[in-house]
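Student: Below is one structure. I have some questions about it.
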Amino acid sequence: MTTDQHEKSVEVHEHGPRQWFRRHPAMRLAYRVGVGVVGGLVLVAGVLMIPYPGPGWLVVFAGLAILASEFEWAGRVLRFAKRYYDAWVEWLKRQALPVRLLVLAATGLVVMATCWALGAFSLVGGWFGVEHPWLESPIFGSRG
């Protein structure tokens, strides 16, 4: 990017909606609180989704990116998390098949334990007329 392009992009940024929020202290605080709430909710949702198949880590990184748009600490955490996530993936790629299968089995156990704790097995068992006490959630107890 040339100096002229950079200056033009800075000029556009200075006149955007975020700059308007920065000129009004009350609105700036409201904006930061809003970014904190939305980013925090996305981050928590991502953390809850990590052990399950799907975009758990992507949602975590999205939540951190939202927070990093207003909070410097979140940018540092985002860089840290990306670095260690990449290191974990590279480590896992270098491992032998039994180690990868063990990690897969451990992830599956976490998913099954969470589903049991939240009552998913009892719910699905009820659909098929399977009523066993060990299917009941230890958190929510029996349905009846």
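Simple scheme: letters A, B, ... for chains in structure tokens order, numbers from 1 for residues in each chain, numbers from 1 for ligands in the order shown.
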Write out as a PyMOL selection string which residues come within 7 Å of range 43-55 of chain A when counting only C-alpha atoms, dropping same-chain ones fewer than 2 positions away.
Tutor: chain A and resi 39-41+57-60+63-64+107+110-111
Student: Write a file of the selected residues as a CSV table (one decimal), in the first residue's frame, keeping N, CA and C atoms.
Tutor:
chain,number,residue,atom,x,y,z
A,39,GLY,N,-19.5,-9.4,21.7
A,39,GLY,CA,-18.2,-10.2,21.5
A,39,GLY,C,-18.1,-11.2,22.6
A,40,GLY,N,-18.5,-10.9,23.9
A,40,GLY,CA,-18.5,-11.8,24.9
A,40,GLY,C,-19.5,-13.0,24.7
A,41,LEU,N,-20.7,-12.7,24.2
A,41,LEU,CA,-21.7,-13.7,24.0
A,41,LEU,C,-21.2,-14.7,22.9
A,57,TRP,N,-14.1,-23.4,17.1
A,57,TRP,CA,-13.0,-22.5,17.2
A,57,TRP,C,-13.1,-21.3,16.3
A,58,LEU,N,-13.8,-21.5,15.2
A,58,LEU,CA,-14.1,-20.3,14.3
A,58,LEU,C,-14.9,-19.3,15.1
A,59,VAL,N,-15.9,-19.7,15.8
A,59,VAL,CA,-16.8,-18.8,16.6
A,59,VAL,C,-16.0,-18.2,17.7
A,60,VAL,N,-15.1,-18.9,18.3
A,60,VAL,CA,-14.2,-18.3,19.4
A,60,VAL,C,-13.4,-17.2,18.8
A,63,GLY,N,-15.5,-14.2,18.1
A,63,GLY,CA,-15.8,-13.4,19.3
A,63,GLY,C,-14.6,-12.6,19.8
A,64,LEU,N,-13.4,-13.2,19.7
A,64,LEU,CA,-12.2,-12.4,20.1
A,64,LEU,C,-12.0,-11.3,19.1
A,107,THR,N,-12.5,-36.7,22.6
A,107,THR,CA,-13.5,-35.6,22.2
A,107,THR,C,-14.9,-36.2,22.2
A,110,VAL,N,-16.2,-36.5,25.7
A,110,VAL,CA,-16.7,-35.2,26.2
A,110,VAL,C,-18.0,-34.8,25.6
A,111,VAL,N,-18.2,-35.1,24.3
A,111,VAL,CA,-19.5,-34.8,23.7
A,111,VAL,C,-20.6,-35.7,24.3
Student: Please run DSSP on the backbone and report, as number ranges by chain, all residues within chain A that come out as alpha helix (DSSP H).
Tutor: A: 3-14, 17-23, 25-49, 56-68, 72-94, 97-117, 120-127
Student: What's around range 84-93 of chain A at 12 Å? Count only C-alpha atoms, leave out sequence neighbours fewer than 3 positions away in its own chain, and write the answer as a list in words.
Tutor: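 Listed by chain and then number, they are Ile50, Trp57, Leu58, Val60, Phe61, Val77, Leu78, Arg79, Phe80, Ala81, Ala96, Leu97, Pro98, Val99, Arg100, Leu101, Leu102, Val103 and Leu104 of chain A.
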Student: Return the single residue from A:Ala62, A:Phe121, A:Arg22, A:Phe71 that is closest to Gly36 in chain A, with distances computed using only C-alpha atoms.
Tutor: A:Phe71
Student: Excluding Ala117 in chain A and any residue of its chain fewer than 6 positions from it, enumerate the residues within 9 Å of it, using only C-alpha atoms, and give them as number ranges by chain.
Tutor: A: 136-140
Student: Grab the residues selected above and save them as a PDB file, in the first residue's frame with N, CA and C atoms.
Tutor:
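Result file part07.pdb:
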ATOM      1  N   GLU A 136     -31.238 -40.608  32.561  1.00  0.00           N
ATOM      2  CA  GLU A 136     -31.669 -39.322  33.110  1.00  0.00           C
ATOM      3  C   GLU A 136     -30.477 -38.405  33.378  1.00  0.00           C
ATOM      4  N   SER A 137     -30.699 -37.133  33.195  1.00  0.00           N
ATOM      5  CA  SER A 137     -29.664 -36.129  33.418  1.00  0.00           C
ATOM      6  C   SER A 137     -29.377 -35.977  34.912  1.00  0.00           C
ATOM      7  N   PRO A 138     -28.100 -35.918  35.293  1.00  0.00           N
ATOM      8  CA  PRO A 138     -27.793 -35.664  36.689  1.00  0.00           C
ATOM      9  C   PRO A 138     -28.064 -34.195  37.085  1.00  0.00           C
ATOM     10  N   ILE A 139     -28.199 -33.343  36.089  1.00  0.00           N
ATOM     11  CA  ILE A 139     -28.456 -31.931  36.352  1.00  0.00           C
ATOM     12  C   ILE A 139     -29.941 -31.653  36.444  1.00  0.00           C
ATOM     13  N   PHE A 140     -30.689 -32.150  35.465  1.00  0.00           N
ATOM     14  CA  PHE A 140     -32.118 -31.838  35.380  1.00  0.00           C
ATOM     15  C   PHE A 140     -33.006 -32.915  35.972  1.00  0.00           C
TER      16      PHE A 140
END
Student: Would you work out the distance separating CA of Trp116 in chain A from CA of Trp134 in chain A, expressed in Å to one decimal?
Tutor: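 These two atoms are separated by 9.2 Å.
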Student: Mind pulling up the distance from CA of Ala120 in chain A to CA of Val37 in chain A?
Tutor: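 Separation between CA of Val37 in chain A and CA of Ala120 in chain A: 29.0 Å.
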